[in-house]
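One structure is given here, and the rest of the page talks about it.
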Amino acid sequence: MVKQILAVIAGLIVGFLLVAAIEGVSHELYPVPEALSTMDPANPEFKEVMKEHVATMPLGAILMVGLAHLVGVFGATAVATAIAKERAKTPVGILIGLFLAFGVMNLIMIPHPIWFSILDVLIYPIGGFLGMYAAAKLIASRAQ
């Protein structure tokens with residue numbers, strides 16, 4: 001049980017660091033407009049300005065967000081699997097659920113194109129199971 005809790009915590013940390021790193025690179029490649037970087041998200045106009053920004057974002061910038069989410073959940077579940085080993089299904093399920101919940105909250109707070117919203121919701125379970133599978137394969141190959 002302790003290993004499973006540690007697996008979830010470590011997975012969250014690794015996953016969020018990966019998302020932050022890739023989104024940081026994305027912000028360097030595709031800078032956020034000055035109006036958004038200085039605006040308070042609690043400002044009622046923020047959502048409209050953000051909606052306008054997302055509507056004009058280059059495809060590469062939107063895809064970088066998807067890549068960040070995919071790599072984040074993949075890394076999170078791979079780390080959790082490496083820690084929890086044969087008892088990894090519960091931590092992986094928790095991590096996929098948490099990342100999906102955070103992703104849906106992000107989609108609600110920041111309007112995205114409908115195609116990206118659908119893709120983003122699918123990214124979490126797919127990336128999560130791929131992370132678990134890859135880590136389990138690596139563990140099994142090292143055990144031989």
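By convention here, the chains of the structure tokens are called A, B, ... in the order presented, each chain's residues are numbered starting at 1, and ligands are numbered starting at 1 in the order presented.
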
Query raised in the report: Which parts of chain A does DSSP call alpha helix (DSSP H) when run on the backbone here, written out as a PyMOL selection string?
Result: chain A and resi 2-29+34-38+46-55+59-84+89-109+114-143

**Report entry** Selection near Val49 in chain A, 12 Å with only C-alpha atoms, sequence-local residues under 3 positions removed, as a ChimeraX atom specification
**Finding:** /A:32-41,43-46,52-56,110-111

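Between CA of Ala20 in chain A and CA of Leu98 in chain A there is a distance of 16.1 Å.
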
Pull the closest atom pair for each residue of range 8-78 of chain A that gets at most 12 Å from range 82-87 of chain A, along with the distance in Å to one decimal, counting only C-alpha atoms, ordering rows by chain and then ascending residue number, as a tab-separated table.
```
residue	atom	partner	partner_atom	distance
A:Val8	CA	A:Ala84	CA	9.0
A:Ile9	CA	A:Ile83	CA	10.6
A:Ala10	CA	A:Ile83	CA	8.6
A:Gly11	CA	A:Ile83	CA	9.2
A:Gly75	CA	A:Ala82	CA	10.5
A:Ala76	CA	A:Ala82	CA	10.0
A:Thr77	CA	A:Ala82	CA	8.5
A:Ala78	CA	A:Ala82	CA	6.2
```

Query raised in the report: Nearest to Ile13 in chain A: which of A:Ser26, A:Met57, A:Val73, A:Lys51 is it, counting only C-alpha atoms?
Result: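 Nearest candidate to Ile13 in chain A out of A:Ser26, A:Met57, A:Val73, A:Lys51: A:Val73.
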
**Report entry** Trp115 in chain A surroundings by only C-alpha atoms, 12 Å radius, close-in-sequence under 3 positions cut, as a PyMOL selection string
**Finding:** chain A and resi 59+62-63+66+107+111-112+118-122

Would you export the selected residues with all heavy atoms as a short mmCIF file (atom, residue, chain, number, x, y, z; two decimals), in the first residue's frame, please?
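The resulting file, out-v9.cif, is reproduced below:
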```cif
data_model
loop_
_atom_site.label_atom_id
_atom_site.label_comp_id
_atom_site.auth_asym_id
_atom_site.auth_seq_id
_atom_site.Cartn_x
_atom_site.Cartn_y
_atom_site.Cartn_z
N LEU A 59 -0.91 25.77 -35.44
CA LEU A 59 -1.16 24.35 -35.19
C LEU A 59 -0.05 23.74 -34.33
O LEU A 59 -0.31 22.94 -33.43
CB LEU A 59 -1.29 23.59 -36.52
CG LEU A 59 -1.52 22.10 -36.42
CD1 LEU A 59 -2.82 21.79 -35.67
CD2 LEU A 59 -1.52 21.48 -37.80
N ILE A 62 -0.61 24.25 -30.61
CA ILE A 62 -1.67 23.41 -30.06
C ILE A 62 -1.17 21.97 -29.93
O ILE A 62 -1.41 21.30 -28.92
CB ILE A 62 -2.94 23.48 -30.92
CG1 ILE A 62 -3.51 24.90 -30.86
CG2 ILE A 62 -3.99 22.48 -30.47
CD1 ILE A 62 -4.65 25.17 -31.81
N LEU A 63 -0.45 21.50 -30.94
CA LEU A 63 0.08 20.14 -30.89
C LEU A 63 1.11 19.97 -29.77
O LEU A 63 1.22 18.89 -29.19
CB LEU A 63 0.66 19.74 -32.24
CG LEU A 63 -0.35 19.59 -33.37
CD1 LEU A 63 0.35 19.29 -34.69
CD2 LEU A 63 -1.39 18.54 -33.05
N GLY A 66 -0.73 19.10 -26.68
CA GLY A 66 -1.09 17.68 -26.69
C GLY A 66 0.10 16.79 -26.40
O GLY A 66 0.00 15.81 -25.64
N LEU A 107 -9.60 22.22 -20.20
CA LEU A 107 -10.45 22.42 -21.38
C LEU A 107 -11.66 23.30 -21.05
O LEU A 107 -12.13 24.04 -21.91
CB LEU A 107 -10.92 21.07 -21.94
CG LEU A 107 -9.83 20.20 -22.56
CD1 LEU A 107 -10.36 18.81 -22.87
CD2 LEU A 107 -9.25 20.86 -23.81
N PRO A 111 -10.87 27.75 -23.58
CA PRO A 111 -11.55 27.19 -24.75
C PRO A 111 -10.52 26.69 -25.79
O PRO A 111 -9.55 27.38 -26.07
CB PRO A 111 -12.34 28.36 -25.32
CG PRO A 111 -12.30 29.44 -24.29
CD PRO A 111 -11.14 29.17 -23.40
N HIS A 112 -10.73 25.48 -26.27
CA HIS A 112 -9.87 24.88 -27.28
C HIS A 112 -10.71 24.49 -28.49
O HIS A 112 -11.93 24.32 -28.35
CB HIS A 112 -9.18 23.62 -26.73
CG HIS A 112 -8.17 23.88 -25.67
ND1 HIS A 112 -8.50 24.17 -24.37
CD2 HIS A 112 -6.82 23.90 -25.72
CE1 HIS A 112 -7.40 24.35 -23.67
NE2 HIS A 112 -6.37 24.19 -24.47
N ILE A 118 -11.35 16.65 -28.04
CA ILE A 118 -11.57 15.21 -28.18
C ILE A 118 -10.24 14.46 -28.10
O ILE A 118 -10.11 13.48 -27.36
CB ILE A 118 -12.30 14.91 -29.51
CG1 ILE A 118 -13.73 15.49 -29.46
CG2 ILE A 118 -12.34 13.41 -29.79
CD1 ILE A 118 -14.42 15.55 -30.82
N LEU A 119 -9.26 14.95 -28.83
CA LEU A 119 -7.93 14.32 -28.82
C LEU A 119 -7.33 14.33 -27.42
O LEU A 119 -6.80 13.32 -26.94
CB LEU A 119 -7.00 15.04 -29.80
CG LEU A 119 -5.55 14.55 -29.85
CD1 LEU A 119 -5.49 13.15 -30.42
CD2 LEU A 119 -4.70 15.51 -30.66
N ASP A 120 -7.45 15.46 -26.74
CA ASP A 120 -6.84 15.60 -25.41
C ASP A 120 -7.44 14.62 -24.41
O ASP A 120 -6.73 14.02 -23.61
CB ASP A 120 -6.98 17.04 -24.92
CG ASP A 120 -5.98 17.38 -23.83
OD1 ASP A 120 -4.80 17.03 -23.98
OD2 ASP A 120 -6.38 18.01 -22.84
N VAL A 121 -8.74 14.43 -24.47
CA VAL A 121 -9.41 13.49 -23.55
C VAL A 121 -8.95 12.06 -23.83
O VAL A 121 -8.83 11.26 -22.90
CB VAL A 121 -10.94 13.64 -23.64
CG1 VAL A 121 -11.66 12.51 -22.95
CG2 VAL A 121 -11.38 14.98 -23.06
N LEU A 122 -8.66 11.74 -25.09
CA LEU A 122 -8.20 10.40 -25.43
C LEU A 122 -6.73 10.17 -25.10
O LEU A 122 -6.30 9.04 -24.87
CB LEU A 122 -8.41 10.14 -26.93
CG LEU A 122 -9.86 10.11 -27.40
CD1 LEU A 122 -9.93 10.02 -28.91
CD2 LEU A 122 -10.61 8.97 -26.74
#
```

Report task. Write out as a PyMOL selection string which residues come within 12 Å of Met64 in chain A when counting only C-alpha atoms, dropping same-chain ones fewer than 5 positions away. Result -> chain A and resi 19-30+57-59+69-72+116+120

**Report entry** Near-Thr90 in chain A list (12 Å; only C-alpha atoms; drop same-chain fewer than 5 positions) as a VMD selection string
**Finding:** chain A and resid 1 3 to 8 77 80 to 81 84 to 85 95 to 97 129 132

Query - Counting only C-alpha atoms, the option among A:Ser117, A:Lys89, A:Ala136, A:Leu18 closest to Gly103 in chain A - result: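 So, comparing all the options, the nearest one is A:Ser117.
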
Query raised in the report: Could you work out how far CA of Gly127 in chain A lies from CA of Phe74 in chain A, giving the answer in Å with one decimal?
Result: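 We find that CA of Phe74 in chain A and CA of Gly127 in chain A lie 4.9 Å from each other.
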
Requested in this report: For CA of Ala101 in chain A and CA of Tyr124 in chain A, quote the distance in Å rounded to one decimal.
Outcome: 9.6 Å
